[in-house]
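Shown next: coords.pdb, containing PDB, C-alpha atoms and all ligand atoms.
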```
ATOM      1  CA  MET N  11      61.525  10.169   6.102  1.00  0.00           C
ATOM      2  CA  PRO N  12      59.861   9.658   9.458  1.00  0.00           C
ATOM      3  CA  ARG N  13      58.080  13.012   9.417  1.00  0.00           C
ATOM      4  CA  LEU N  14      56.292  12.299   6.112  1.00  0.00           C
ATOM      5  CA  ARG N  15      55.419   8.796   7.239  1.00  0.00           C
ATOM      6  CA  SER N  16      53.851  10.058  10.444  1.00  0.00           C
ATOM      7  CA  ALA N  17      51.936  12.700   8.494  1.00  0.00           C
ATOM      8  CA  VAL N  18      50.531  10.021   6.173  1.00  0.00           C
ATOM      9  CA  THR N  19      49.692   7.859   9.141  1.00  0.00           C
ATOM     10  CA  ALA N  20      47.856  10.754  10.767  1.00  0.00           C
ATOM     11  CA  LEU N  21      45.948  11.497   7.527  1.00  0.00           C
ATOM     12  CA  VAL N  22      44.875   7.880   7.218  1.00  0.00           C
ATOM     13  CA  ALA N  23      43.751   7.871  10.838  1.00  0.00           C
ATOM     14  CA  VAL N  24      41.705  11.075  10.407  1.00  0.00           C
ATOM     15  CA  THR N  25      40.110   9.803   7.176  1.00  0.00           C
ATOM     16  CA  GLY N  26      39.229   6.550   8.907  1.00  0.00           C
ATOM     17  CA  MET N  27      37.599   8.396  11.788  1.00  0.00           C
ATOM     18  CA  LEU N  28      35.531  10.498   9.377  1.00  0.00           C
ATOM     19  CA  ILE N  29      34.317   7.386   7.572  1.00  0.00           C
ATOM     20  CA  VAL N  30      33.437   5.765  10.889  1.00  0.00           C
ATOM     21  CA  ALA N  31      31.700   8.967  12.047  1.00  0.00           C
ATOM     22  CA  GLN N  32      29.633   9.155   8.826  1.00  0.00           C
ATOM     23  CA  HIS N  33      28.739   5.523   9.191  1.00  0.00           C
ATOM     24  CA  PHE N  34      27.283   6.121  12.636  1.00  0.00           C
ATOM     25  CA  MET N  35      25.590   9.415  11.808  1.00  0.00           C
ATOM     26  CA  VAL N  36      23.305   8.102   9.047  1.00  0.00           C
ATOM     27  CA  PRO N  37      21.103   5.804  11.156  1.00  0.00           C
ATOM     28  CA  VAL N  38      20.618   8.547  13.770  1.00  0.00           C
ATOM     29  CA  GLU N  39      19.201  10.874  11.094  1.00  0.00           C
ATOM     30  CA  ALA N  40      16.966   8.116   9.761  1.00  0.00           C
ATOM     31  CA  GLN N  41      15.560   7.441  13.229  1.00  0.00           C
ATOM     32  CA  ALA N  42      14.773  11.107  13.709  1.00  0.00           C
ATOM     33  CA  SER N  43      12.370  11.182  10.723  1.00  0.00           C
ATOM     34  CA  SER N  44       8.629  11.121  11.364  1.00  0.00           C
ATOM     35  CA  PRO N  45       6.927   7.708  11.503  1.00  0.00           C
ATOM     36  CA  VAL N  46       3.916   9.167   9.651  1.00  0.00           C
ATOM     37  CA  LEU N  47       4.265   8.603   5.928  1.00  0.00           C
ATOM     38  CA  PRO N  48       3.875  11.592   3.632  1.00  0.00           C
ATOM     39  CA  ARG N  49       1.024  11.039   1.231  1.00  0.00           C
ATOM     40  CA  GLN N  50       3.252  10.403  -1.759  1.00  0.00           C
ATOM     41  CA  ALA N  51       6.283   8.993  -0.012  1.00  0.00           C
ATOM     42  CA  ARG N  52       6.294   5.443  -1.224  1.00  0.00           C
ATOM     43  CA  THR N  53       5.675   3.656  -4.442  1.00  0.00           C
ATOM     44  CA  PRO N  54       5.520  -0.118  -4.469  1.00  0.00           C
ATOM     45  CA  VAL N  55       8.266  -2.144  -6.096  1.00  0.00           C
ATOM     46  CA  ALA N  56       6.017  -3.128  -9.002  1.00  0.00           C
ATOM     47  CA  PRO N  57       3.324  -0.751 -10.240  1.00  0.00           C
ATOM     48  CA  LEU N  58       0.080  -1.435  -8.462  1.00  0.00           C
ATOM     49  CA  LEU N  59      -2.825  -2.649 -10.551  1.00  0.00           C
ATOM     50  CA  LEU N  60      -6.040  -0.679 -10.210  1.00  0.00           C
ATOM     51  CA  PRO N  61      -8.025  -3.214  -8.171  1.00  0.00           C
ATOM     52  CA  VAL N  62     -11.401  -2.921  -9.937  1.00  0.00           C
ATOM     53  CA  GLU N  63     -11.778  -4.248 -13.459  1.00  0.00           C
ATOM     54  CA  GLY N  64     -12.615  -1.673 -16.126  1.00  0.00           C
ATOM     55  CA  VAL N  65     -12.102   1.422 -13.953  1.00  0.00           C
ATOM     56  CA  ALA N  66      -9.787   4.097 -15.381  1.00  0.00           C
ATOM     57  CA  ALA N  67      -7.314   5.779 -13.045  1.00  0.00           C
ATOM     58  CA  SER N  68      -8.528   9.150 -14.357  1.00  0.00           C
ATOM     59  CA  SER N  69     -12.003   8.468 -12.926  1.00  0.00           C
ATOM     60  CA  LEU N  70     -10.757   7.913  -9.361  1.00  0.00           C
ATOM     61  CA  ARG N  71     -11.508  10.473  -6.668  1.00  0.00           C
ATOM     62  CA  ASP N  72      -9.261  10.790  -3.628  1.00  0.00           C
ATOM     63  CA  SER N  73     -11.415  10.083  -0.565  1.00  0.00           C
ATOM     64  CA  PHE N  74      -8.477   9.314   1.743  1.00  0.00           C
ATOM     65  CA  GLY N  75      -8.762  11.386   4.903  1.00  0.00           C
ATOM     66  CA  ALA N  76     -12.359  12.426   4.168  1.00  0.00           C
ATOM     67  CA  PRO N  77     -14.442  12.894   7.321  1.00  0.00           C
ATOM     68  CA  ARG N  78     -16.630   9.950   8.260  1.00  0.00           C
ATOM     69  CA  VAL N  79     -18.800   9.466  11.339  1.00  0.00           C
ATOM     70  CA  GLY N  80     -16.352   9.114  14.221  1.00  0.00           C
ATOM     71  CA  HIS N  81     -13.188   8.822  12.143  1.00  0.00           C
ATOM     72  CA  ARG N  82     -11.332   9.808   9.005  1.00  0.00           C
ATOM     73  CA  HIS N  83     -11.567   7.641   5.922  1.00  0.00           C
ATOM     74  CA  ALA N  84      -8.271   5.745   5.640  1.00  0.00           C
ATOM     75  CA  ALA N  85      -8.953   4.311   2.183  1.00  0.00           C
ATOM     76  CA  ILE N  86     -10.141   5.128  -1.310  1.00  0.00           C
ATOM     77  CA  ASP N  87     -13.674   4.261  -2.436  1.00  0.00           C
ATOM     78  CA  ILE N  88     -13.765   3.018  -6.023  1.00  0.00           C
ATOM     79  CA  LEU N  89     -17.249   3.167  -7.539  1.00  0.00           C
ATOM     80  CA  ALA N  90     -18.281   0.347  -9.885  1.00  0.00           C
ATOM     81  CA  PRO N  91     -21.447  -1.573 -10.724  1.00  0.00           C
ATOM     82  CA  ARG N  92     -22.361  -4.404  -8.368  1.00  0.00           C
ATOM     83  CA  GLY N  93     -20.641  -7.614  -9.451  1.00  0.00           C
ATOM     84  CA  THR N  94     -17.637  -5.946 -11.105  1.00  0.00           C
ATOM     85  CA  PRO N  95     -14.545  -8.121 -10.521  1.00  0.00           C
ATOM     86  CA  ALA N  96     -12.138  -6.981  -7.777  1.00  0.00           C
ATOM     87  CA  LEU N  97      -8.532  -7.776  -8.682  1.00  0.00           C
ATOM     88  CA  ALA N  98      -5.380  -8.522  -6.724  1.00  0.00           C
ATOM     89  CA  ALA N  99      -3.433  -5.262  -6.966  1.00  0.00           C
ATOM     90  CA  CYS N 100      -0.113  -7.110  -6.757  1.00  0.00           C
ATOM     91  CA  ASP N 101       1.335 -10.532  -6.092  1.00  0.00           C
ATOM     92  CA  GLY N 102       0.836 -11.583  -2.493  1.00  0.00           C
ATOM     93  CA  VAL N 103      -0.910 -13.902  -0.079  1.00  0.00           C
ATOM     94  CA  ILE N 104      -4.497 -13.742   1.155  1.00  0.00           C
ATOM     95  CA  THR N 105      -4.053 -13.380   4.906  1.00  0.00           C
ATOM     96  CA  LYS N 106      -7.610 -12.652   6.059  1.00  0.00           C
ATOM     97  CA  LEU N 107     -11.151 -13.343   4.897  1.00  0.00           C
ATOM     98  CA  ARG N 108     -13.765 -11.751   7.136  1.00  0.00           C
ATOM     99  CA  ALA N 109     -17.525 -11.363   7.054  1.00  0.00           C
ATOM    100  CA  GLY N 110     -19.520  -8.930   9.185  1.00  0.00           C
ATOM    101  CA  GLY N 111     -18.849  -5.560  10.743  1.00  0.00           C
ATOM    102  CA  THR N 112     -18.699  -2.261   8.916  1.00  0.00           C
ATOM    103  CA  GLY N 113     -16.485  -3.683   6.165  1.00  0.00           C
ATOM    104  CA  GLY N 114     -18.929  -6.478   5.368  1.00  0.00           C
ATOM    105  CA  LEU N 115     -17.270  -9.152   3.274  1.00  0.00           C
ATOM    106  CA  THR N 116     -13.531  -8.354   3.254  1.00  0.00           C
ATOM    107  CA  ILE N 117     -10.203  -9.635   1.970  1.00  0.00           C
ATOM    108  CA  THR N 118      -6.708  -8.727   3.151  1.00  0.00           C
ATOM    109  CA  ILE N 119      -3.716  -9.432   0.925  1.00  0.00           C
ATOM    110  CA  ALA N 120      -0.166  -9.127   2.262  1.00  0.00           C
ATOM    111  CA  HIS N 121       2.902  -8.363   0.182  1.00  0.00           C
ATOM    112  CA  GLY N 122       6.013  -7.986   2.318  1.00  0.00           C
ATOM    113  CA  THR N 123       5.354  -5.273   4.892  1.00  0.00           C
ATOM    114  CA  THR N 124       2.402  -3.874   2.931  1.00  0.00           C
ATOM    115  CA  SER N 125      -1.210  -4.996   3.266  1.00  0.00           C
ATOM    116  CA  TYR N 126      -4.108  -4.362   0.906  1.00  0.00           C
ATOM    117  CA  TYR N 127      -7.654  -4.402   2.295  1.00  0.00           C
ATOM    118  CA  TYR N 128     -10.808  -4.883   0.214  1.00  0.00           C
ATOM    119  CA  ALA N 129     -14.223  -4.210   1.795  1.00  0.00           C
ATOM    120  CA  HIS N 130     -17.962  -4.229   0.942  1.00  0.00           C
ATOM    121  CA  LEU N 131     -17.558  -7.165  -1.449  1.00  0.00           C
ATOM    122  CA  ASP N 132     -20.733  -8.723  -2.798  1.00  0.00           C
ATOM    123  CA  ARG N 133     -19.106 -12.162  -2.767  1.00  0.00           C
ATOM    124  CA  TYR N 134     -15.738 -13.867  -2.990  1.00  0.00           C
ATOM    125  CA  ALA N 135     -14.298 -15.445  -6.106  1.00  0.00           C
ATOM    126  CA  PRO N 136     -14.794 -19.224  -5.995  1.00  0.00           C
ATOM    127  CA  LEU N 137     -12.106 -21.236  -4.240  1.00  0.00           C
ATOM    128  CA  ILE N 138     -10.162 -18.627  -2.310  1.00  0.00           C
ATOM    129  CA  TRP N 139      -8.811 -19.289   1.158  1.00  0.00           C
ATOM    130  CA  GLU N 140      -6.599 -17.738   3.817  1.00  0.00           C
ATOM    131  CA  GLY N 141      -2.989 -18.517   2.985  1.00  0.00           C
ATOM    132  CA  MET N 142      -3.646 -18.684  -0.757  1.00  0.00           C
ATOM    133  CA  PRO N 143      -1.000 -17.023  -2.957  1.00  0.00           C
ATOM    134  CA  VAL N 144      -2.433 -14.626  -5.536  1.00  0.00           C
ATOM    135  CA  ARG N 145      -0.949 -13.086  -8.630  1.00  0.00           C
ATOM    136  CA  ARG N 146      -1.429  -9.503  -9.674  1.00  0.00           C
ATOM    137  CA  GLY N 147      -4.671  -9.310 -11.680  1.00  0.00           C
ATOM    138  CA  ASP N 148      -6.322 -12.413 -10.205  1.00  0.00           C
ATOM    139  CA  VAL N 149     -10.067 -11.999  -9.615  1.00  0.00           C
ATOM    140  CA  ILE N 150     -10.524 -12.335  -5.837  1.00  0.00           C
ATOM    141  CA  GLY N 151     -14.090 -11.074  -5.373  1.00  0.00           C
ATOM    142  CA  TYR N 152     -16.864  -8.872  -6.691  1.00  0.00           C
ATOM    143  CA  VAL N 153     -17.826  -5.293  -5.848  1.00  0.00           C
ATOM    144  CA  GLY N 154     -20.903  -4.898  -3.641  1.00  0.00           C
ATOM    145  CA  THR N 155     -22.435  -3.103  -0.674  1.00  0.00           C
ATOM    146  CA  THR N 156     -21.947  -5.485   2.280  1.00  0.00           C
ATOM    147  CA  GLY N 157     -21.268  -3.889   5.669  1.00  0.00           C
ATOM    148  CA  ASN N 158     -22.117  -0.212   6.037  1.00  0.00           C
ATOM    149  CA  ALA N 159     -21.936   0.749   2.340  1.00  0.00           C
ATOM    150  CA  PRO N 160     -25.004   2.586   1.000  1.00  0.00           C
ATOM    151  CA  ARG N 161     -27.334   0.089  -0.713  1.00  0.00           C
ATOM    152  CA  ASN N 162     -27.400   2.060  -3.957  1.00  0.00           C
ATOM    153  CA  THR N 163     -23.689   2.896  -4.136  1.00  0.00           C
ATOM    154  CA  PRO N 164     -21.748  -0.289  -4.760  1.00  0.00           C
ATOM    155  CA  HIS N 165     -18.024   0.389  -4.418  1.00  0.00           C
ATOM    156  CA  LEU N 166     -14.741  -1.136  -3.382  1.00  0.00           C
ATOM    157  CA  HIS N 167     -13.291   0.323  -0.187  1.00  0.00           C
ATOM    158  CA  PHE N 168      -9.565  -0.187  -0.825  1.00  0.00           C
ATOM    159  CA  ALA N 169      -6.989   0.518   1.893  1.00  0.00           C
ATOM    160  CA  ILE N 170      -3.204   0.203   1.952  1.00  0.00           C
ATOM    161  CA  GLU N 171      -1.166  -0.130   5.111  1.00  0.00           C
ATOM    162  CA  GLU N 172       2.618   0.094   5.076  1.00  0.00           C
ATOM    163  CA  ARG N 173       3.942  -1.455   8.303  1.00  0.00           C
ATOM    164  CA  GLY N 174       0.564  -0.772   9.889  1.00  0.00           C
ATOM    165  CA  VAL N 175       0.428   2.883   8.806  1.00  0.00           C
ATOM    166  CA  ALA N 176      -2.485   3.847   6.545  1.00  0.00           C
ATOM    167  CA  THR N 177      -1.199   5.143   3.223  1.00  0.00           C
ATOM    168  CA  ASP N 178      -3.233   7.040   0.626  1.00  0.00           C
ATOM    169  CA  PRO N 179      -3.834   4.696  -2.343  1.00  0.00           C
ATOM    170  CA  TYR N 180      -4.826   7.560  -4.676  1.00  0.00           C
ATOM    171  CA  PRO N 181      -1.368   8.884  -5.667  1.00  0.00           C
ATOM    172  CA  ILE N 182      -0.137   5.322  -6.060  1.00  0.00           C
ATOM    173  CA  LEU N 183      -3.038   4.231  -8.275  1.00  0.00           C
ATOM    174  CA  THR N 184      -2.892   7.384 -10.390  1.00  0.00           C
ATOM    175  CA  ALA N 185       0.900   7.492 -10.775  1.00  0.00           C
ATOM    176  CA  ARG N 186       2.043   7.415 -14.378  1.00  0.00           C
ATOM    177  CA  THR N 187       3.592   4.012 -13.789  1.00  0.00           C
ATOM    178  CA  ALA N 188       0.275   2.505 -12.670  1.00  0.00           C
ATOM    179  CA  THR N 189      -1.195   0.037 -15.118  1.00  0.00           C
ATOM    180  CA  ARG N 190      -4.573   0.879 -16.539  1.00  0.00           C
ATOM    181  CA  ASN N 191      -7.037  -1.936 -17.022  1.00  0.00           C
TER
HETATM  182 ZN    ZN Y 201     -14.617   3.516   2.130  1.00  0.00          ZN
END
```
If you convert what's in this file into structure tokens, what do you get?
Ligand SMILES: [Zn+2]
Amino acid sequence: MPRLRSAVTALVAVTGMLIVAQHFMVPVEAQASSPVLPRQARTPVAPLLLPVEGVAASSLRDSFGAPRVGHRHAAIDILAPRGTPALAACDGVITKLRAGGTGGLTITIAHGTTSYYYAHLDRYAPLIWEGMPVRRGDVIGYVGTTGNAPRNTPHLHFAIEERGVATDPYPILTARTATRN
């Protein structure tokens, strides 16, 4: 039955071409999407810990994108008494410890392609260093007003960057999966 065989052969060939075509079409669509992350686009692999001890997620206010002198605020400010422990929001590695500038005493933690930035710290936890692995919940520093924070408003300035793009921490920290502490 040569006619049937050729029909089957043709069907297989067409199906194969469709599969190949689909295979090549997907990455093109992905590339066309905007590089700017929607505010609630991503949730981390593990729920993020609220990075200030004793603060309830329900008390957070979203200050991401709020106008500041000369720029927009690319972080959330978490109010807490001076000296309140600041916690590693997830497992990661301390990649930067900096003092000075508008951020004052700062810590950057990296986890994969995501970085977590802590600013205005009063002081660091004892014995931390660049390159040190941290576990979620580790005390890494203490809330303060170093840098350009108002003297009477101690808070943690907490920023998240996903592949270098500032991402709003508020929806992540207030998601139902986030762990309260
Ligand atoms: Zn801030």
For ligand ZN 201 (chain Y), return the neighbouring residues as a ChimeraX atom specification (distance at most 10 Å; only C-alpha atoms and all ligand atoms). /N:73-74,76,78,82-88,112-113,128-130,158-159,165-169
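Atom CA of N:Ala90 lies 11.0 Å from atom CA of N:Asn162.
Each of N:Arg146, N:Arg133, N:His81, N:Arg71 was compared to N:Gly102 using only C-alpha atoms, and N:Arg146 turns out to be the nearest.
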For this structure, which residues satisfy the selection - the PyMOL selection byres (((chain N and resi 164) around 7) and not hetatm) - when it is evaluated on the file as given? I want them as a ChimeraX atom specification. /N:89-92,153-155,161-163,165
Rank N:Ala99, N:Gly111, N:Thr94, N:Leu59 by their smallest atom-to-atom distance to N:Asp132, using all atoms listed in the file, and report the top residue only.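 Of all the options, N:Thr94 lies closest to N:Asp132.
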To box stretch 179-186 of chain N, take all atoms listed in the file, fit an axis-aligned box, add 4 Å on each side, and give centre and edge lengths in Å to one decimal, as lines of an AutoDock Vina configuration file.
```
center_x = -1.4
center_y = 6.6
center_z = -8.4
size_x = 14.9
size_y = 12.7
size_z = 20.0
```
Mind rebuilding stretch 145-166 of chain N with N, CA, C and O atoms and writing that out as an mmCIF file, in the frame of the given file?
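Saved as part00.cif:
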```cif
data_model
loop_
_atom_site.group_PDB
_atom_site.id
_atom_site.type_symbol
_atom_site.label_atom_id
_atom_site.label_comp_id
_atom_site.auth_asym_id
_atom_site.auth_seq_id
_atom_site.Cartn_x
_atom_site.Cartn_y
_atom_site.Cartn_z
ATOM 1 N N ARG N 145 -1.764 -13.829 -7.681
ATOM 2 C CA ARG N 145 -0.949 -13.086 -8.630
ATOM 3 C C ARG N 145 -1.664 -11.801 -8.978
ATOM 4 O O ARG N 145 -2.899 -11.756 -8.992
ATOM 5 N N ARG N 146 -0.895 -10.784 -9.238
ATOM 6 C CA ARG N 146 -1.429 -9.503 -9.674
ATOM 7 C C ARG N 146 -2.435 -9.724 -10.801
ATOM 8 O O ARG N 146 -2.118 -10.399 -11.792
ATOM 9 N N GLY N 147 -3.642 -9.190 -10.653
ATOM 10 C CA GLY N 147 -4.671 -9.310 -11.680
ATOM 11 C C GLY N 147 -5.652 -10.450 -11.453
ATOM 12 O O GLY N 147 -6.674 -10.522 -12.136
ATOM 13 N N ASP N 148 -5.365 -11.341 -10.511
ATOM 14 C CA ASP N 148 -6.322 -12.413 -10.205
ATOM 15 C C ASP N 148 -7.640 -11.819 -9.711
ATOM 16 O O ASP N 148 -7.639 -10.870 -8.911
ATOM 17 N N VAL N 149 -8.766 -12.398 -10.156
ATOM 18 C CA VAL N 149 -10.067 -11.999 -9.615
ATOM 19 C C VAL N 149 -10.210 -12.637 -8.236
ATOM 20 O O VAL N 149 -10.104 -13.853 -8.090
ATOM 21 N N ILE N 150 -10.417 -11.802 -7.205
ATOM 22 C CA ILE N 150 -10.524 -12.335 -5.837
ATOM 23 C C ILE N 150 -11.929 -12.164 -5.269
ATOM 24 O O ILE N 150 -12.290 -12.798 -4.287
ATOM 25 N N GLY N 151 -12.728 -11.284 -5.864
ATOM 26 C CA GLY N 151 -14.090 -11.074 -5.373
ATOM 27 C C GLY N 151 -14.840 -10.156 -6.313
ATOM 28 O O GLY N 151 -14.351 -9.855 -7.418
ATOM 29 N N TYR N 152 -16.010 -9.702 -5.844
ATOM 30 C CA TYR N 152 -16.864 -8.872 -6.691
ATOM 31 C C TYR N 152 -17.399 -7.689 -5.883
ATOM 32 O O TYR N 152 -17.778 -7.843 -4.705
ATOM 33 N N VAL N 153 -17.412 -6.530 -6.507
ATOM 34 C CA VAL N 153 -17.826 -5.293 -5.848
ATOM 35 C C VAL N 153 -19.276 -5.386 -5.380
ATOM 36 O O VAL N 153 -20.134 -5.932 -6.078
ATOM 37 N N GLY N 154 -19.546 -4.854 -4.176
ATOM 38 C CA GLY N 154 -20.903 -4.898 -3.641
ATOM 39 C C GLY N 154 -21.140 -3.811 -2.617
ATOM 40 O O GLY N 154 -20.508 -2.737 -2.669
ATOM 41 N N THR N 155 -22.041 -4.099 -1.692
ATOM 42 C CA THR N 155 -22.435 -3.103 -0.674
ATOM 43 C C THR N 155 -22.537 -3.737 0.717
ATOM 44 O O THR N 155 -23.255 -3.222 1.579
ATOM 45 N N THR N 156 -21.856 -4.859 0.954
ATOM 46 C CA THR N 156 -21.947 -5.485 2.280
ATOM 47 C C THR N 156 -21.338 -4.550 3.335
ATOM 48 O O THR N 156 -20.560 -3.654 3.019
ATOM 49 N N GLY N 157 -21.712 -4.778 4.594
ATOM 50 C CA GLY N 157 -21.268 -3.889 5.669
ATOM 51 C C GLY N 157 -22.068 -2.600 5.640
ATOM 52 O O GLY N 157 -23.265 -2.608 5.351
ATOM 53 N N ASN N 158 -21.392 -1.478 5.917
ATOM 54 C CA ASN N 158 -22.117 -0.212 6.037
ATOM 55 C C ASN N 158 -22.126 0.622 4.749
ATOM 56 O O ASN N 158 -22.338 1.827 4.796
ATOM 57 N N ALA N 159 -21.883 0.005 3.610
ATOM 58 C CA ALA N 159 -21.936 0.749 2.340
ATOM 59 C C ALA N 159 -23.389 1.079 2.000
ATOM 60 O O ALA N 159 -24.277 0.265 2.258
ATOM 61 N N PRO N 160 -23.626 2.275 1.416
ATOM 62 C CA PRO N 160 -25.004 2.586 1.000
ATOM 63 C C PRO N 160 -25.501 1.562 -0.026
ATOM 64 O O PRO N 160 -24.757 1.157 -0.915
ATOM 65 N N ARG N 161 -26.776 1.163 0.143
ATOM 66 C CA ARG N 161 -27.334 0.089 -0.713
ATOM 67 C C ARG N 161 -27.226 0.404 -2.198
ATOM 68 O O ARG N 161 -27.078 -0.480 -3.033
ATOM 69 N N ASN N 162 -27.355 1.687 -2.534
ATOM 70 C CA ASN N 162 -27.400 2.060 -3.957
ATOM 71 C C ASN N 162 -26.063 2.573 -4.486
ATOM 72 O O ASN N 162 -26.010 3.118 -5.583
ATOM 73 N N THR N 163 -25.000 2.416 -3.696
ATOM 74 C CA THR N 163 -23.689 2.896 -4.136
ATOM 75 C C THR N 163 -22.639 1.796 -3.990
ATOM 76 O O THR N 163 -21.761 1.863 -3.134
ATOM 77 N N PRO N 164 -22.763 0.769 -4.849
ATOM 78 C CA PRO N 164 -21.748 -0.289 -4.760
ATOM 79 C C PRO N 164 -20.358 0.291 -5.038
ATOM 80 O O PRO N 164 -20.204 1.114 -5.950
ATOM 81 N N HIS N 165 -19.398 -0.078 -4.224
ATOM 82 C CA HIS N 165 -18.024 0.389 -4.418
ATOM 83 C C HIS N 165 -17.059 -0.524 -3.687
ATOM 84 O O HIS N 165 -17.450 -1.268 -2.789
ATOM 85 N N LEU N 166 -15.809 -0.452 -4.112
ATOM 86 C CA LEU N 166 -14.741 -1.136 -3.382
ATOM 87 C C LEU N 166 -14.069 -0.131 -2.457
ATOM 88 O O LEU N 166 -13.592 0.919 -2.903
#
```
